[in-house]
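**Q** Contents of query-v3.pdb (PDB, C-alpha atoms):
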```
ATOM      1  CA  MET G  25      17.997  23.935 213.674  1.00  0.00           C
ATOM      2  CA  ALA G  26      15.343  21.700 212.109  1.00  0.00           C
ATOM      3  CA  LYS G  27      15.583  21.304 208.338  1.00  0.00           C
ATOM      4  CA  ILE G  28      12.749  18.790 207.990  1.00  0.00           C
ATOM      5  CA  VAL G  29       9.830  18.290 210.388  1.00  0.00           C
ATOM      6  CA  THR G  30       7.055  15.725 210.064  1.00  0.00           C
ATOM      7  CA  LYS G  31       3.779  16.191 211.919  1.00  0.00           C
ATOM      8  CA  ASN G  32       1.396  13.244 212.284  1.00  0.00           C
ATOM      9  CA  LEU G  33       2.494  11.907 208.894  1.00  0.00           C
ATOM     10  CA  ASN G  34       0.446   8.984 207.585  1.00  0.00           C
ATOM     11  CA  LEU G  35       0.750   7.169 204.268  1.00  0.00           C
ATOM     12  CA  TRP G  36      -1.324   4.409 202.703  1.00  0.00           C
ATOM     13  CA  TYR G  37      -0.616   2.159 199.722  1.00  0.00           C
ATOM     14  CA  GLY G  38      -4.227   1.510 198.805  1.00  0.00           C
ATOM     15  CA  GLY G  39      -5.635  -0.049 201.984  1.00  0.00           C
ATOM     16  CA  PHE G  40      -2.228  -0.722 203.568  1.00  0.00           C
ATOM     17  CA  HIS G  41      -1.267   1.769 206.279  1.00  0.00           C
ATOM     18  CA  ALA G  42       2.497   2.037 205.651  1.00  0.00           C
ATOM     19  CA  LEU G  43       3.417   5.078 207.789  1.00  0.00           C
ATOM     20  CA  LYS G  44       1.559   5.686 211.037  1.00  0.00           C
ATOM     21  CA  GLY G  45       1.560   9.067 212.758  1.00  0.00           C
ATOM     22  CA  ILE G  46       5.232   9.910 212.186  1.00  0.00           C
ATOM     23  CA  ASN G  47       6.464  12.902 214.215  1.00  0.00           C
ATOM     24  CA  SER G  48      10.138  13.715 213.737  1.00  0.00           C
ATOM     25  CA  SER G  49      12.648  16.528 213.324  1.00  0.00           C
ATOM     26  CA  PHE G  50      15.781  16.278 211.170  1.00  0.00           C
ATOM     27  CA  GLU G  51      18.451  18.841 211.949  1.00  0.00           C
ATOM     28  CA  ALA G  52      20.446  20.709 209.299  1.00  0.00           C
ATOM     29  CA  ASN G  53      24.029  19.662 208.529  1.00  0.00           C
ATOM     30  CA  ARG G  54      23.745  16.360 210.363  1.00  0.00           C
ATOM     31  CA  ILE G  55      23.542  12.751 209.223  1.00  0.00           C
ATOM     32  CA  THR G  56      20.404  10.951 210.360  1.00  0.00           C
ATOM     33  CA  ALA G  57      20.145   7.177 209.950  1.00  0.00           C
ATOM     34  CA  ILE G  58      16.801   5.401 209.736  1.00  0.00           C
ATOM     35  CA  ILE G  59      17.041   1.755 210.837  1.00  0.00           C
ATOM     36  CA  GLY G  60      14.583  -1.096 211.265  1.00  0.00           C
ATOM     37  CA  PRO G  61      13.687  -4.506 209.813  1.00  0.00           C
ATOM     38  CA  SER G  62      12.667  -4.975 206.181  1.00  0.00           C
ATOM     39  CA  GLY G  63       9.196  -3.683 205.372  1.00  0.00           C
ATOM     40  CA  CYS G  64       8.989  -1.329 208.348  1.00  0.00           C
ATOM     41  CA  GLY G  65       8.577   1.838 206.240  1.00  0.00           C
ATOM     42  CA  LYS G  66      12.142   3.209 206.155  1.00  0.00           C
ATOM     43  CA  SER G  67      12.363   3.737 202.397  1.00  0.00           C
ATOM     44  CA  THR G  68       8.754   4.900 202.215  1.00  0.00           C
ATOM     45  CA  LEU G  69       9.523   7.633 204.758  1.00  0.00           C
ATOM     46  CA  LEU G  70      12.634   8.637 202.816  1.00  0.00           C
ATOM     47  CA  ARG G  71      10.672   8.933 199.571  1.00  0.00           C
ATOM     48  CA  VAL G  72       8.084  11.182 201.242  1.00  0.00           C
ATOM     49  CA  PHE G  73      10.703  13.918 201.499  1.00  0.00           C
ATOM     50  CA  ASN G  74      10.883  14.392 197.733  1.00  0.00           C
ATOM     51  CA  ARG G  75       7.392  13.082 196.951  1.00  0.00           C
ATOM     52  CA  MET G  76       8.707  10.043 195.049  1.00  0.00           C
ATOM     53  CA  ASN G  77       5.809   7.996 196.442  1.00  0.00           C
ATOM     54  CA  ASP G  78       3.480  10.136 194.313  1.00  0.00           C
ATOM     55  CA  LEU G  79       4.599   8.059 191.324  1.00  0.00           C
ATOM     56  CA  ILE G  80       2.958   4.935 192.831  1.00  0.00           C
ATOM     57  CA  GLU G  81      -0.717   4.404 192.026  1.00  0.00           C
ATOM     58  CA  GLY G  82      -3.064   4.397 195.006  1.00  0.00           C
ATOM     59  CA  VAL G  83      -0.772   6.248 197.425  1.00  0.00           C
ATOM     60  CA  ARG G  84      -2.509   8.594 199.883  1.00  0.00           C
ATOM     61  CA  THR G  85      -0.779  10.830 202.414  1.00  0.00           C
ATOM     62  CA  ASP G  86      -1.932  13.110 205.205  1.00  0.00           C
ATOM     63  CA  GLY G  87      -0.287  15.159 207.937  1.00  0.00           C
ATOM     64  CA  GLU G  88       2.507  17.655 207.291  1.00  0.00           C
ATOM     65  CA  VAL G  89       6.082  17.511 206.081  1.00  0.00           C
ATOM     66  CA  LEU G  90       7.818  20.848 206.527  1.00  0.00           C
ATOM     67  CA  ILE G  91      11.087  21.595 204.750  1.00  0.00           C
ATOM     68  CA  ASP G  92      12.360  25.041 205.704  1.00  0.00           C
ATOM     69  CA  ASN G  93       8.877  25.603 207.195  1.00  0.00           C
ATOM     70  CA  MET G  94       7.114  24.943 203.857  1.00  0.00           C
ATOM     71  CA  ASN G  95       4.623  22.060 203.758  1.00  0.00           C
ATOM     72  CA  ILE G  96       5.719  19.962 200.776  1.00  0.00           C
ATOM     73  CA  LEU G  97       2.514  17.889 200.903  1.00  0.00           C
ATOM     74  CA  ASN G  98       0.530  20.951 199.894  1.00  0.00           C
ATOM     75  CA  SER G  99      -1.227  20.368 196.568  1.00  0.00           C
ATOM     76  CA  HIS G 100       0.384  23.544 195.220  1.00  0.00           C
ATOM     77  CA  ALA G 101       3.962  22.404 195.967  1.00  0.00           C
ATOM     78  CA  ASP G 102       6.307  22.682 192.968  1.00  0.00           C
ATOM     79  CA  LEU G 103       7.686  19.154 192.602  1.00  0.00           C
ATOM     80  CA  VAL G 104      10.435  20.144 190.147  1.00  0.00           C
ATOM     81  CA  THR G 105      11.779  22.675 192.642  1.00  0.00           C
ATOM     82  CA  LEU G 106      11.352  20.208 195.505  1.00  0.00           C
ATOM     83  CA  ARG G 107      13.314  17.452 193.751  1.00  0.00           C
ATOM     84  CA  LYS G 108      16.076  19.895 192.926  1.00  0.00           C
ATOM     85  CA  LYS G 109      16.231  20.877 196.607  1.00  0.00           C
ATOM     86  CA  VAL G 110      15.966  17.290 197.899  1.00  0.00           C
ATOM     87  CA  GLY G 111      18.070  14.812 195.919  1.00  0.00           C
ATOM     88  CA  MET G 112      18.156  11.032 196.233  1.00  0.00           C
ATOM     89  CA  VAL G 113      20.905   8.415 195.973  1.00  0.00           C
ATOM     90  CA  PHE G 114      19.568   4.928 195.311  1.00  0.00           C
ATOM     91  CA  GLN G 115      20.656   1.469 196.435  1.00  0.00           C
ATOM     92  CA  ARG G 116      22.308   0.647 193.116  1.00  0.00           C
ATOM     93  CA  PRO G 117      24.260   3.395 191.342  1.00  0.00           C
ATOM     94  CA  ASN G 118      22.286   4.578 188.314  1.00  0.00           C
ATOM     95  CA  PRO G 119      24.518   6.716 186.069  1.00  0.00           C
ATOM     96  CA  PHE G 120      23.045   7.631 182.698  1.00  0.00           C
ATOM     97  CA  PRO G 121      24.540   5.928 179.602  1.00  0.00           C
ATOM     98  CA  LEU G 122      26.407   9.153 178.824  1.00  0.00           C
ATOM     99  CA  SER G 123      29.889  10.493 179.433  1.00  0.00           C
ATOM    100  CA  ILE G 124      31.055  11.336 182.948  1.00  0.00           C
ATOM    101  CA  TYR G 125      30.841  15.031 182.020  1.00  0.00           C
ATOM    102  CA  GLU G 126      27.312  14.799 180.602  1.00  0.00           C
ATOM    103  CA  ASN G 127      26.090  12.886 183.661  1.00  0.00           C
ATOM    104  CA  ILE G 128      27.104  15.718 185.955  1.00  0.00           C
ATOM    105  CA  VAL G 129      25.736  18.598 183.864  1.00  0.00           C
ATOM    106  CA  PHE G 130      22.491  16.783 182.958  1.00  0.00           C
ATOM    107  CA  GLY G 131      20.390  18.352 185.710  1.00  0.00           C
ATOM    108  CA  GLU G 132      21.904  21.798 185.316  1.00  0.00           C
ATOM    109  CA  LYS G 133      21.072  21.820 181.611  1.00  0.00           C
ATOM    110  CA  ILE G 134      17.447  21.014 182.471  1.00  0.00           C
ATOM    111  CA  HIS G 135      17.081  23.621 185.228  1.00  0.00           C
ATOM    112  CA  ALA G 136      19.144  26.477 183.760  1.00  0.00           C
ATOM    113  CA  GLU G 137      17.598  28.438 180.885  1.00  0.00           C
ATOM    114  CA  SER G 138      21.003  29.288 179.441  1.00  0.00           C
ATOM    115  CA  ILE G 139      24.449  28.382 180.684  1.00  0.00           C
ATOM    116  CA  THR G 140      27.933  28.727 179.232  1.00  0.00           C
ATOM    117  CA  ARG G 141      30.417  25.938 178.637  1.00  0.00           C
ATOM    118  CA  ASP G 142      32.835  27.595 181.078  1.00  0.00           C
ATOM    119  CA  LYS G 143      30.162  27.509 183.789  1.00  0.00           C
ATOM    120  CA  LEU G 144      29.421  23.838 183.068  1.00  0.00           C
ATOM    121  CA  ASP G 145      33.143  23.059 183.262  1.00  0.00           C
ATOM    122  CA  GLU G 146      33.266  24.772 186.656  1.00  0.00           C
ATOM    123  CA  ILE G 147      30.254  22.803 187.914  1.00  0.00           C
ATOM    124  CA  VAL G 148      31.850  19.512 186.841  1.00  0.00           C
ATOM    125  CA  GLU G 149      35.133  20.319 188.569  1.00  0.00           C
ATOM    126  CA  VAL G 150      33.530  21.516 191.806  1.00  0.00           C
ATOM    127  CA  SER G 151      31.093  18.584 191.944  1.00  0.00           C
ATOM    128  CA  LEU G 152      33.804  15.991 191.362  1.00  0.00           C
ATOM    129  CA  LYS G 153      36.048  17.626 193.930  1.00  0.00           C
ATOM    130  CA  ASP G 154      33.199  17.546 196.450  1.00  0.00           C
ATOM    131  CA  VAL G 155      32.904  13.771 196.041  1.00  0.00           C
ATOM    132  CA  LEU G 156      36.705  13.302 195.969  1.00  0.00           C
ATOM    133  CA  LEU G 157      36.757  12.084 192.352  1.00  0.00           C
ATOM    134  CA  TRP G 158      38.368  14.996 190.497  1.00  0.00           C
ATOM    135  CA  ASP G 159      41.929  13.692 190.604  1.00  0.00           C
ATOM    136  CA  GLU G 160      40.801  10.256 189.415  1.00  0.00           C
ATOM    137  CA  LEU G 161      38.542  11.415 186.592  1.00  0.00           C
ATOM    138  CA  LYS G 162      39.697  14.858 185.399  1.00  0.00           C
ATOM    139  CA  ASP G 163      41.395  13.315 182.347  1.00  0.00           C
ATOM    140  CA  LYS G 164      38.514  10.915 181.614  1.00  0.00           C
ATOM    141  CA  LEU G 165      35.529  13.267 181.525  1.00  0.00           C
ATOM    142  CA  ASN G 166      34.472  12.235 178.019  1.00  0.00           C
ATOM    143  CA  GLU G 167      34.609   8.518 178.766  1.00  0.00           C
ATOM    144  CA  PRO G 168      31.370   6.541 179.381  1.00  0.00           C
ATOM    145  CA  ALA G 169      30.212   6.685 182.999  1.00  0.00           C
ATOM    146  CA  LEU G 170      29.132   3.038 182.797  1.00  0.00           C
ATOM    147  CA  ARG G 171      32.805   1.971 182.696  1.00  0.00           C
ATOM    148  CA  LEU G 172      33.433   3.216 186.220  1.00  0.00           C
ATOM    149  CA  SER G 173      33.695   0.932 189.254  1.00  0.00           C
ATOM    150  CA  LEU G 174      30.634   0.538 191.479  1.00  0.00           C
ATOM    151  CA  GLU G 175      32.065   2.923 194.060  1.00  0.00           C
ATOM    152  CA  GLN G 176      32.964   5.508 191.415  1.00  0.00           C
ATOM    153  CA  LYS G 177      29.468   5.212 189.929  1.00  0.00           C
ATOM    154  CA  GLN G 178      27.896   5.853 193.352  1.00  0.00           C
ATOM    155  CA  ARG G 179      30.148   8.868 193.904  1.00  0.00           C
ATOM    156  CA  LEU G 180      29.313  10.105 190.399  1.00  0.00           C
ATOM    157  CA  CYS G 181      25.591   9.856 191.166  1.00  0.00           C
ATOM    158  CA  ILE G 182      26.175  11.973 194.275  1.00  0.00           C
ATOM    159  CA  ALA G 183      28.166  14.473 192.175  1.00  0.00           C
ATOM    160  CA  ARG G 184      25.267  14.609 189.693  1.00  0.00           C
ATOM    161  CA  LEU G 185      22.931  15.466 192.566  1.00  0.00           C
ATOM    162  CA  ILE G 186      25.053  18.154 194.180  1.00  0.00           C
ATOM    163  CA  ALA G 187      25.694  19.807 190.800  1.00  0.00           C
ATOM    164  CA  VAL G 188      22.184  21.315 191.026  1.00  0.00           C
ATOM    165  CA  LYS G 189      22.870  22.586 194.566  1.00  0.00           C
ATOM    166  CA  PRO G 190      20.329  20.713 196.703  1.00  0.00           C
ATOM    167  CA  ASP G 191      19.919  21.274 200.435  1.00  0.00           C
ATOM    168  CA  VAL G 192      19.111  17.693 201.400  1.00  0.00           C
ATOM    169  CA  LEU G 193      20.633  14.368 200.296  1.00  0.00           C
ATOM    170  CA  LEU G 194      18.511  11.245 200.756  1.00  0.00           C
ATOM    171  CA  MET G 195      20.465   7.976 200.617  1.00  0.00           C
ATOM    172  CA  ASP G 196      18.621   4.660 200.366  1.00  0.00           C
ATOM    173  CA  GLU G 197      21.058   1.863 201.280  1.00  0.00           C
ATOM    174  CA  PRO G 198      23.848   3.628 199.328  1.00  0.00           C
ATOM    175  CA  CYS G 199      26.546   1.100 200.315  1.00  0.00           C
ATOM    176  CA  SER G 200      24.628  -2.168 200.049  1.00  0.00           C
ATOM    177  CA  THR G 201      26.301  -3.153 196.753  1.00  0.00           C
ATOM    178  CA  LEU G 202      29.804  -2.024 197.775  1.00  0.00           C
ATOM    179  CA  ASP G 203      32.671  -3.970 199.321  1.00  0.00           C
ATOM    180  CA  PRO G 204      33.899  -3.007 202.817  1.00  0.00           C
ATOM    181  CA  GLN G 205      36.721  -0.744 201.544  1.00  0.00           C
ATOM    182  CA  ALA G 206      34.428   1.122 199.153  1.00  0.00           C
ATOM    183  CA  THR G 207      31.815   1.400 201.909  1.00  0.00           C
ATOM    184  CA  ALA G 208      34.381   3.006 204.219  1.00  0.00           C
ATOM    185  CA  ARG G 209      35.269   5.558 201.537  1.00  0.00           C
ATOM    186  CA  VAL G 210      31.610   6.453 200.888  1.00  0.00           C
ATOM    187  CA  GLU G 211      31.044   6.810 204.651  1.00  0.00           C
ATOM    188  CA  GLU G 212      34.033   9.154 204.808  1.00  0.00           C
ATOM    189  CA  LEU G 213      32.485  11.116 201.950  1.00  0.00           C
ATOM    190  CA  MET G 214      29.191  11.423 203.866  1.00  0.00           C
ATOM    191  CA  ARG G 215      31.008  12.954 206.827  1.00  0.00           C
ATOM    192  CA  GLU G 216      32.595  15.499 204.490  1.00  0.00           C
ATOM    193  CA  LEU G 217      29.308  16.316 202.758  1.00  0.00           C
ATOM    194  CA  LYS G 218      27.342  16.990 205.949  1.00  0.00           C
ATOM    195  CA  ASN G 219      29.225  20.278 206.263  1.00  0.00           C
ATOM    196  CA  LYS G 220      27.197  21.471 203.260  1.00  0.00           C
ATOM    197  CA  TYR G 221      24.105  19.263 203.249  1.00  0.00           C
ATOM    198  CA  THR G 222      21.518  17.644 205.480  1.00  0.00           C
ATOM    199  CA  ILE G 223      21.817  13.890 204.962  1.00  0.00           C
ATOM    200  CA  ILE G 224      19.242  11.190 205.727  1.00  0.00           C
ATOM    201  CA  ILE G 225      20.336   7.600 205.174  1.00  0.00           C
ATOM    202  CA  VAL G 226      18.309   4.401 205.264  1.00  0.00           C
ATOM    203  CA  THR G 227      20.419   1.401 206.193  1.00  0.00           C
ATOM    204  CA  HIS G 228      20.001  -2.208 207.314  1.00  0.00           C
ATOM    205  CA  ASN G 229      23.561  -2.050 208.632  1.00  0.00           C
ATOM    206  CA  MET G 230      23.394  -0.995 212.268  1.00  0.00           C
ATOM    207  CA  GLN G 231      27.180  -0.781 212.468  1.00  0.00           C
ATOM    208  CA  GLN G 232      27.100   1.713 209.620  1.00  0.00           C
ATOM    209  CA  ALA G 233      24.422   3.752 211.373  1.00  0.00           C
ATOM    210  CA  ALA G 234      26.531   3.785 214.529  1.00  0.00           C
ATOM    211  CA  ARG G 235      29.678   4.795 212.609  1.00  0.00           C
ATOM    212  CA  VAL G 236      28.372   7.518 210.349  1.00  0.00           C
ATOM    213  CA  SER G 237      25.242   9.121 211.803  1.00  0.00           C
ATOM    214  CA  ASP G 238      24.686  11.865 214.362  1.00  0.00           C
ATOM    215  CA  ASP G 239      21.033  10.933 214.959  1.00  0.00           C
ATOM    216  CA  THR G 240      19.102   7.691 214.466  1.00  0.00           C
ATOM    217  CA  GLY G 241      15.444   6.785 214.131  1.00  0.00           C
ATOM    218  CA  PHE G 242      14.208   3.222 214.682  1.00  0.00           C
ATOM    219  CA  MET G 243      11.106   2.158 212.752  1.00  0.00           C
ATOM    220  CA  LEU G 244       8.878  -0.874 213.228  1.00  0.00           C
ATOM    221  CA  LEU G 245       5.670  -1.764 211.360  1.00  0.00           C
ATOM    222  CA  GLY G 246       5.247   1.764 210.009  1.00  0.00           C
ATOM    223  CA  GLU G 247       5.812   3.520 213.335  1.00  0.00           C
ATOM    224  CA  LEU G 248       8.774   5.630 214.414  1.00  0.00           C
ATOM    225  CA  ILE G 249       9.458   3.904 217.710  1.00  0.00           C
ATOM    226  CA  GLU G 250      12.402   5.977 218.875  1.00  0.00           C
ATOM    227  CA  PHE G 251      14.422   8.921 217.572  1.00  0.00           C
ATOM    228  CA  GLY G 252      17.441  10.597 219.115  1.00  0.00           C
ATOM    229  CA  LYS G 253      21.200  11.003 219.253  1.00  0.00           C
ATOM    230  CA  THR G 254      22.846   7.919 217.770  1.00  0.00           C
ATOM    231  CA  GLN G 255      25.133   7.205 220.713  1.00  0.00           C
ATOM    232  CA  GLU G 256      22.263   7.431 223.178  1.00  0.00           C
ATOM    233  CA  LEU G 257      19.913   5.282 221.108  1.00  0.00           C
ATOM    234  CA  PHE G 258      22.501   2.520 220.704  1.00  0.00           C
ATOM    235  CA  THR G 259      23.809   2.539 224.272  1.00  0.00           C
ATOM    236  CA  ALA G 260      20.687   3.394 226.279  1.00  0.00           C
ATOM    237  CA  PRO G 261      17.527   2.904 224.192  1.00  0.00           C
ATOM    238  CA  ARG G 262      14.381   4.113 225.903  1.00  0.00           C
ATOM    239  CA  ASP G 263      12.033   1.594 224.269  1.00  0.00           C
ATOM    240  CA  LYS G 264      12.256  -2.179 224.801  1.00  0.00           C
ATOM    241  CA  ARG G 265      11.517  -2.782 221.103  1.00  0.00           C
ATOM    242  CA  THR G 266      14.543  -0.676 220.110  1.00  0.00           C
ATOM    243  CA  GLU G 267      16.740  -2.605 222.508  1.00  0.00           C
ATOM    244  CA  ASP G 268      15.464  -5.920 221.178  1.00  0.00           C
ATOM    245  CA  TYR G 269      16.257  -4.884 217.601  1.00  0.00           C
ATOM    246  CA  ILE G 270      19.747  -3.499 218.150  1.00  0.00           C
ATOM    247  CA  THR G 271      20.739  -6.493 220.310  1.00  0.00           C
ATOM    248  CA  GLY G 272      19.617  -8.897 217.569  1.00  0.00           C
ATOM    249  CA  ARG G 273      16.609 -10.455 219.308  1.00  0.00           C
ATOM    250  CA  TYR G 274      14.616  -9.994 216.101  1.00  0.00           C
ATOM    251  CA  GLY G 275      14.810  -8.356 212.687  1.00  0.00           C
TER     252      GLY G 275
END
```
Can you give me the file's structure in the form of structure tokens?
**A**
Amino acid sequence: MAKIVTKNLNLWYGGFHALKGINSSFEANRITAIIGPSGCGKSTLLRVFNRMNDLIEGVRTDGEVLIDNMNILNSHADLVTLRKKVGMVFQRPNPFPLSIYENIVFGEKIHAESITRDKLDEIVEVSLKDVLLWDELKDKLNEPALRLSLEQKQRLCIARLIAVKPDVLLMDEPCSTLDPQATARVEELMRELKNKYTIIIVTHNMQQAARVSDDTGFMLLGELIEFGKTQELFTAPRDKRTEDYITGRYG
């Protein structure tokens, strides 16, 4: 079942045509990887899904992006609700300079009109368990989040997102700053999380895309060249440009 559908999606940064006629369908409770060389539009496409590009001056978008059949590009779309529903994990972990506990409840305090301490405690425990950090951090909740390791910070940022109960997790190169062991643990976490969330990941690492994703889209110069099941795209690409990229002929 499609969670996100794009229909003839175009985006311009001023006069630069960054996304060109993107038609795609992202299924619920699956991991979709978006691959392609630098500057091809991967991160721009990811940021369309929670309207983060709106923060850049001179951006213009047309076409449709449907999330649960609602066009989020509509001028009447509620961006606060959208960004609660569609959370983003960035390339470098960005915990707030607060305690571990306060990082996780930050969003809930903003969105909830009134909430009890017991409910906040429950949210912290559930969120940390979901990212497999509870056992490590349950006795350190009042310590500064900035003291955590890079991997723990990235997991904490994911916990902060899922505390507000999104439907979709966007991940922009979430492992690029991590060592191979930490990367493997975050990839394992992604596989666990897809049971509850729809996950879209941008990655330069084709091996990571092959390991962790169910579906893959290949982008080049703002176009979505090919989109399909990961195993099929990597073993029998339909487009010569996809084959050239995944075999290392360019990019």
**Q** Using only C-alpha atoms for the distances, tell me which of G:Ala183, G:Ile128, G:Ala42, G:Leu69 is nearest to G:Ala57.
**A**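 Among G:Ala183, G:Ile128, G:Ala42, G:Leu69, it is G:Leu69 that comes nearest to G:Ala57.
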**Q** Rounded to one decimal place, report the atom CA of G:Thr201-atom CA of G:Leu174 distance in Å.
**A** 7.8 Å
**Q** Might you pull out every residue within 8 Å of G:Val113, with all atoms listed in the file counted and same-chain residues fewer than 3 positions away left off, and present them as a list in words?
**A** Pro117, Gln178, Cys181, Ile182, Leu193, Leu194, Met195, Asp196 and Pro198 of chain G
**Q** Between G:Leu213, G:Ala233, G:Ala136, G:Leu202, which one has atoms that come closest to G:Ala187, using only C-alpha atoms?
**A**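 Among the listed residues, the smallest separation from G:Ala187 belongs to G:Ala136.
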**Q** I need the output of the PyMOL selection byres ((chain G and resi 263) around 12) for this file as a list in words; which residues are they?
**A** Gly241, Phe242, Met243, Leu244, Leu248, Ile249, Glu250, Phe251, Gly252, Glu256, Leu257, Phe258, Thr259, Ala260, Pro261, Arg262, Lys264, Arg265, Thr266, Glu267, Asp268, Tyr269 and Ile270 of chain G
**Q** One decimal, in Å: what's the spacing between atom CA of G:Ile186 and atom CA of G:Lys153?
**A** 11.0 Å
**Q** Within 9 Å of stretch 50-54 of chain G, counting only C-alpha atoms, which residues qualify if same-chain residues fewer than 3 places away don't, as number ranges by chain?
**A** G: 25-30, 191-192, 215, 217-224, 237-239
**Q** Counting only C-alpha atoms, note down every residue that has an atom within 9 Å of the point (37.2, 16.6, 182.1) (file coordinates), as a PDB file with C-alpha atoms, in the coordinates of the input.
**A**
```pdb
ATOM      1  CA  ILE G 124      31.055  11.336 182.948  1.00  0.00           C
ATOM      2  CA  TYR G 125      30.841  15.031 182.020  1.00  0.00           C
ATOM      3  CA  ASP G 145      33.143  23.059 183.262  1.00  0.00           C
ATOM      4  CA  VAL G 148      31.850  19.512 186.841  1.00  0.00           C
ATOM      5  CA  GLU G 149      35.133  20.319 188.569  1.00  0.00           C
ATOM      6  CA  TRP G 158      38.368  14.996 190.497  1.00  0.00           C
ATOM      7  CA  LEU G 161      38.542  11.415 186.592  1.00  0.00           C
ATOM      8  CA  LYS G 162      39.697  14.858 185.399  1.00  0.00           C
ATOM      9  CA  ASP G 163      41.395  13.315 182.347  1.00  0.00           C
ATOM     10  CA  LYS G 164      38.514  10.915 181.614  1.00  0.00           C
ATOM     11  CA  LEU G 165      35.529  13.267 181.525  1.00  0.00           C
ATOM     12  CA  ASN G 166      34.472  12.235 178.019  1.00  0.00           C
TER      13      ASN G 166
END
```
